[in-house]
>>> print(open('entry-v6.csv').read())   # CSV, C-alpha atoms and all ligand atoms
chain,number,residue,atom,x,y,z
Y,16,MET,CA,6.4,-8.0,-21.8
Y,17,ILE,CA,6.8,-7.7,-18.1
Y,18,LEU,CA,4.1,-7.2,-15.5
Y,19,ILE,CA,5.0,-4.4,-13.1
Y,20,SER,CA,3.7,-2.9,-9.9
Y,21,ALA,CA,1.9,0.2,-11.2
Y,22,CYS,CA,3.3,2.4,-8.4
Y,23,LEU,CA,6.8,1.9,-9.6
Y,24,LEU,CA,5.9,3.4,-13.0
Y,25,GLY,CA,4.5,6.5,-11.3
Y,26,VAL,CA,0.9,5.6,-11.0
Y,27,CYS,CA,-0.5,7.1,-7.7
Y,28,CYS,CA,-2.1,3.9,-6.5
Y,29,ARG,CA,-0.4,3.5,-3.1
Y,30,PHE,CA,-2.4,3.4,0.1
Y,31,ASP,CA,-1.5,7.1,0.7
Y,32,GLY,CA,-2.4,8.2,-2.8
Y,33,LYS,CA,1.3,8.6,-3.8
Y,34,ASN,CA,3.5,6.6,-6.1
Y,35,SER,CA,6.9,4.8,-5.8
Y,36,ALA,CA,8.4,6.0,-9.1
Y,37,HIS,CA,11.7,4.3,-9.6
Y,38,GLN,CA,14.2,6.0,-11.9
Y,39,ASP,CA,15.7,2.7,-13.2
Y,40,ILE,CA,12.3,1.5,-14.1
Y,41,GLN,CA,11.7,4.6,-16.2
Y,42,ILE,CA,14.8,3.6,-18.1
Y,43,LEU,CA,13.6,0.0,-18.4
Y,44,HIS,CA,10.4,1.4,-19.8
Y,45,THR,CA,12.3,2.4,-23.0
Y,46,GLN,CA,13.5,-1.1,-23.5
Y,47,GLU,CA,10.6,-3.4,-22.5
Y,48,VAL,CA,6.9,-3.4,-22.7
Y,49,LEU,CA,5.7,-2.9,-19.1
Y,50,ILE,CA,2.2,-3.9,-18.1
Y,51,PRO,CA,1.3,-1.8,-14.9
Y,52,VAL,CA,-1.1,-3.4,-12.4
Y,53,CYS,CA,-2.0,-2.5,-8.9
Y,54,PRO,CA,-3.4,-5.7,-7.2
Y,55,GLU,CA,-4.9,-3.8,-4.3
Y,56,GLN,CA,-6.9,-1.6,-6.6
Y,57,LEU,CA,-7.8,-4.6,-8.8
Y,58,GLY,CA,-9.1,-6.2,-5.6
Y,59,GLY,CA,-11.6,-3.4,-5.1
Y,60,LEU,CA,-9.8,-1.3,-2.5
Y,61,PRO,CA,-10.0,2.5,-2.8
Y,62,THR,CA,-7.1,4.9,-3.2
Y,63,PRO,CA,-6.1,6.3,-0.8
Y,64,ARG,CA,-6.9,3.5,1.6
Y,65,SER,CA,-6.0,2.4,5.1
Y,66,PRO,CA,-2.6,0.7,5.1
Y,67,ALA,CA,-2.7,-3.0,5.7
Y,68,GLU,CA,-0.3,-5.8,6.8
Y,69,ILE,CA,-0.3,-9.5,6.9
Y,70,LYS,CA,-0.8,-10.7,10.5
Y,71,LYS,CA,1.3,-13.8,11.1
Y,72,GLY,CA,2.8,-15.8,8.2
Y,73,ASN,CA,3.1,-14.4,4.7
Y,74,GLY,CA,1.2,-14.0,1.4
Y,75,MET,CA,1.2,-17.8,0.8
Y,76,ASP,CA,-0.4,-18.3,4.2
Y,77,VAL,CA,-3.1,-15.8,3.3
Y,78,LEU,CA,-3.8,-17.7,0.1
Y,79,LEU,CA,-4.1,-20.9,2.1
Y,80,LYS,CA,-6.4,-19.1,4.7
Y,81,ARG,CA,-3.8,-19.6,7.4
Y,82,ALA,CA,-3.2,-15.9,7.8
Y,83,ARG,CA,-5.2,-12.7,7.3
Y,84,VAL,CA,-4.5,-9.2,6.0
Y,85,ILE,CA,-5.8,-6.6,8.4
Y,86,ASN,CA,-5.8,-2.8,7.8
Y,87,ALA,CA,-5.0,-0.1,10.2
Y,88,GLU,CA,-8.7,0.2,11.1
Y,89,GLY,CA,-8.8,-3.4,12.1
Y,90,LEU,CA,-10.8,-4.6,9.1
Y,91,ASP,CA,-10.0,-7.9,7.4
Y,92,VAL,CA,-9.2,-7.1,3.8
Y,93,SER,CA,-7.9,-10.6,2.9
Y,94,THR,CA,-10.6,-11.2,0.4
Y,95,GLN,CA,-9.7,-8.0,-1.5
Y,96,PHE,CA,-6.0,-8.9,-1.5
Y,97,ILE,CA,-6.7,-12.4,-2.8
Y,98,THR,CA,-9.0,-11.0,-5.5
Y,99,GLY,CA,-6.4,-8.6,-6.5
Y,100,ALA,CA,-3.8,-11.3,-6.8
Y,101,GLU,CA,-6.2,-13.4,-8.9
Y,102,GLN,CA,-6.8,-10.5,-11.2
Y,103,ALA,CA,-3.1,-9.9,-11.6
Y,104,LEU,CA,-2.7,-13.6,-12.5
Y,105,PHE,CA,-5.6,-13.3,-15.0
Y,106,ILE,CA,-3.8,-10.4,-16.7
Y,107,VAL,CA,-0.5,-12.4,-16.8
Y,108,ARG,CA,-2.2,-15.4,-18.4
Y,109,ALA,CA,-4.3,-13.3,-20.8
Y,110,LEU,CA,-1.1,-11.6,-22.1
Y,111,GLY,CA,1.3,-14.5,-21.9
Y,112,VAL,CA,3.6,-12.6,-19.5
Y,113,ASP,CA,6.2,-14.7,-17.7
Y,114,ARG,CA,8.0,-12.1,-15.6
Y,115,ALA,CA,6.9,-9.6,-13.0
Y,116,ILE,CA,8.8,-6.7,-11.3
Y,117,LEU,CA,7.1,-6.1,-8.0
Y,118,LYS,CA,7.4,-3.4,-5.3
Y,119,GLU,CA,9.4,-4.8,-2.4
Y,120,ARG,CA,8.0,-4.7,1.1
Y,121,SER,CA,4.4,-4.4,0.1
Y,122,PRO,CA,1.8,-6.8,1.6
Y,123,SER,CA,0.7,-7.5,-2.0
Y,124,CYS,CA,3.8,-7.1,-4.1
Y,125,GLY,CA,6.7,-7.8,-1.7
Y,126,THR,CA,8.9,-10.6,-3.2
Y,127,HIS,CA,11.3,-11.2,-0.3
Y,128,TYR,CA,10.2,-8.8,2.4
Y,129,ILE,CA,7.0,-7.4,3.9
Y,130,LYS,CA,6.4,-4.9,6.7
Y,131,ARG,CA,4.8,-5.7,10.0
Y,132,GLY,CA,4.4,-3.4,12.9
Y,133,GLY,CA,6.6,-0.8,11.2
Y,134,ARG,CA,9.5,-3.3,10.8
Y,135,THR,CA,10.7,-5.0,7.6
Y,136,ILE,CA,10.6,-8.8,7.9
Y,137,GLU,CA,11.3,-11.7,5.6
Y,138,GLY,CA,8.2,-12.7,3.7
Y,139,ILE,CA,6.3,-12.6,0.4
Y,140,GLY,CA,3.2,-10.6,-0.4
Y,141,VAL,CA,-0.1,-12.1,-1.5
Y,142,THR,CA,0.2,-11.3,-5.3
Y,143,ALA,CA,3.8,-12.2,-5.4
Y,144,ALA,CA,3.0,-15.6,-3.8
Y,145,LEU,CA,0.2,-16.4,-6.2
Y,146,LEU,CA,2.3,-15.4,-9.3
Y,147,LYS,CA,5.3,-17.4,-8.0
Y,148,LYS,CA,3.1,-20.4,-7.4
Y,149,HIS,CA,2.0,-20.3,-11.0
Y,150,GLY,CA,5.5,-20.2,-12.4
Y,151,ILE,CA,5.9,-16.5,-13.0
Y,152,GLN,CA,9.4,-15.2,-12.5
Y,153,ILE,CA,9.2,-12.7,-9.6
Y,154,ILE,CA,11.7,-9.9,-9.6
Y,155,SER,CA,12.1,-7.5,-6.7
Y,156,SER,CA,12.0,-3.8,-7.5
Y,157,GLU,CA,15.3,-3.6,-5.5
Y,158,GLU,CA,17.0,-5.9,-8.0
Y,159,VAL,CA,16.3,-3.6,-11.0
Y,160,ASN,CA,19.3,-1.5,-12.0
H,1,LIG,FE1,2.2,-0.7,-5.6
H,1,LIG,FE2,1.5,-3.2,-5.4
H,1,LIG,FE3,0.9,-1.5,-3.5
H,1,LIG,FE4,-0.4,-1.4,-5.7
H,1,LIG,S1,-0.4,-3.1,-4.4
H,1,LIG,S2,0.4,0.3,-4.6
H,1,LIG,S3,1.2,-1.9,-7.2
H,1,LIG,S4,3.0,-2.1,-4.1
>>> encode(input="entry-v6.csv", output="structure tokens")
Amino acid sequence: MILISACLLGVCCRFDGKNSAHQDIQILHTQEVLIPVCPEQLGGLPTPRSPAEIKKGNGMDVLLKRARVINAEGLDVSTQFITGAEQALFIVRALGVDRAILKERSPSCGTHYIKRGGRTIEGIGVTAALLKKHGIQIISSEEVN
């Protein structure tokens, strides 16, 4: 079993109500049991929702309360992002999953990159950081082929 960002499987859970369906992941779905999760929905945020980004630092800094996640309306949604990450970790532990394929460049799911001010920068998302901290193998959606 592999945990996977739900939007990669075609679930319309992105901030804009769309998905990020990934052809190679559709093929992977025939070979592995994929467990779709959307941490931002699990954290209680609606879909569609205002896009958000990590201000300063990265997802680990958010977990350590050294940085915040702020949406386009200026609202602090750090609590929802942390709750979503904790819920994803709960699912991982409940099912005994040890790998996760996560959507690159997301403030929740980014494994190597996040976006800030419309630019891609190095950094890890909040959920990716929490899963990595707990020993889950984090795989970028851009590494799946
Ligand atoms: Fe996809 Fe993760 Fe964003 Fe949900 S939080 S829409 S699963 S990238």
>>> atom_distance(input="entry-v6.csv", atom1="atom FE2 of ligand LIG 1 (chain H)", atom2="atom CA of Y:Val52")
7.5 Å
>>> closest_residue(input="entry-v6.csv", among="Y:Glu88, Y:Glu55, Y:Asp76, Y:Glu47", to="Y:Ala115", atoms="only C-alpha atoms")
Y:Glu47
>>> closest_atom_pairs(input="entry-v6.csv", of="stretch 123-160 of chain Y", to="stretch 109-113 of chain Y", cutoff="10 Å", atoms="only C-alpha atoms", output="CSV")
residue,atom,partner,partner_atom,distance
Y:Leu146,CA,Y:Asp113,CA,9.3
Y:His149,CA,Y:Asp113,CA,9.7
Y:Gly150,CA,Y:Asp113,CA,7.7
Y:Ile151,CA,Y:Asp113,CA,5.0
Y:Gln152,CA,Y:Asp113,CA,6.1
Y:Ile153,CA,Y:Asp113,CA,8.9
>>> closest_residue(input="entry-v6.csv", among="Y:Arg120, Y:Arg83, Y:His127, Y:Lys71", to="Y:Gln95", atoms="only C-alpha atoms")
Y:Arg83
>>> residues_near_ligand(input="entry-v6.csv", ligand="ligand LIG 1 (chain H)", cutoff="9 Å", atoms="only C-alpha atoms and all ligand atoms", output="ChimeraX atom specification")
/Y:19-23,26-35,51-57,62,96,99,117-125,142
>>> atom_distance(input="entry-v6.csv", atom1="atom CA of Y:Val107", atom2="atom CA of Y:Leu79")
21.0 Å
>>> closest_residue(input="entry-v6.csv", among="Y:Leu43, Y:Val141, Y:Ala87, Y:Ile106", to="Y:Ile129", atoms="all atoms listed in the file")
Y:Val141
>>> atom_distance(input="entry-v6.csv", atom1="atom CA of Y:Leu78", atom2="atom CA of Y:Gly133")
22.7 Å
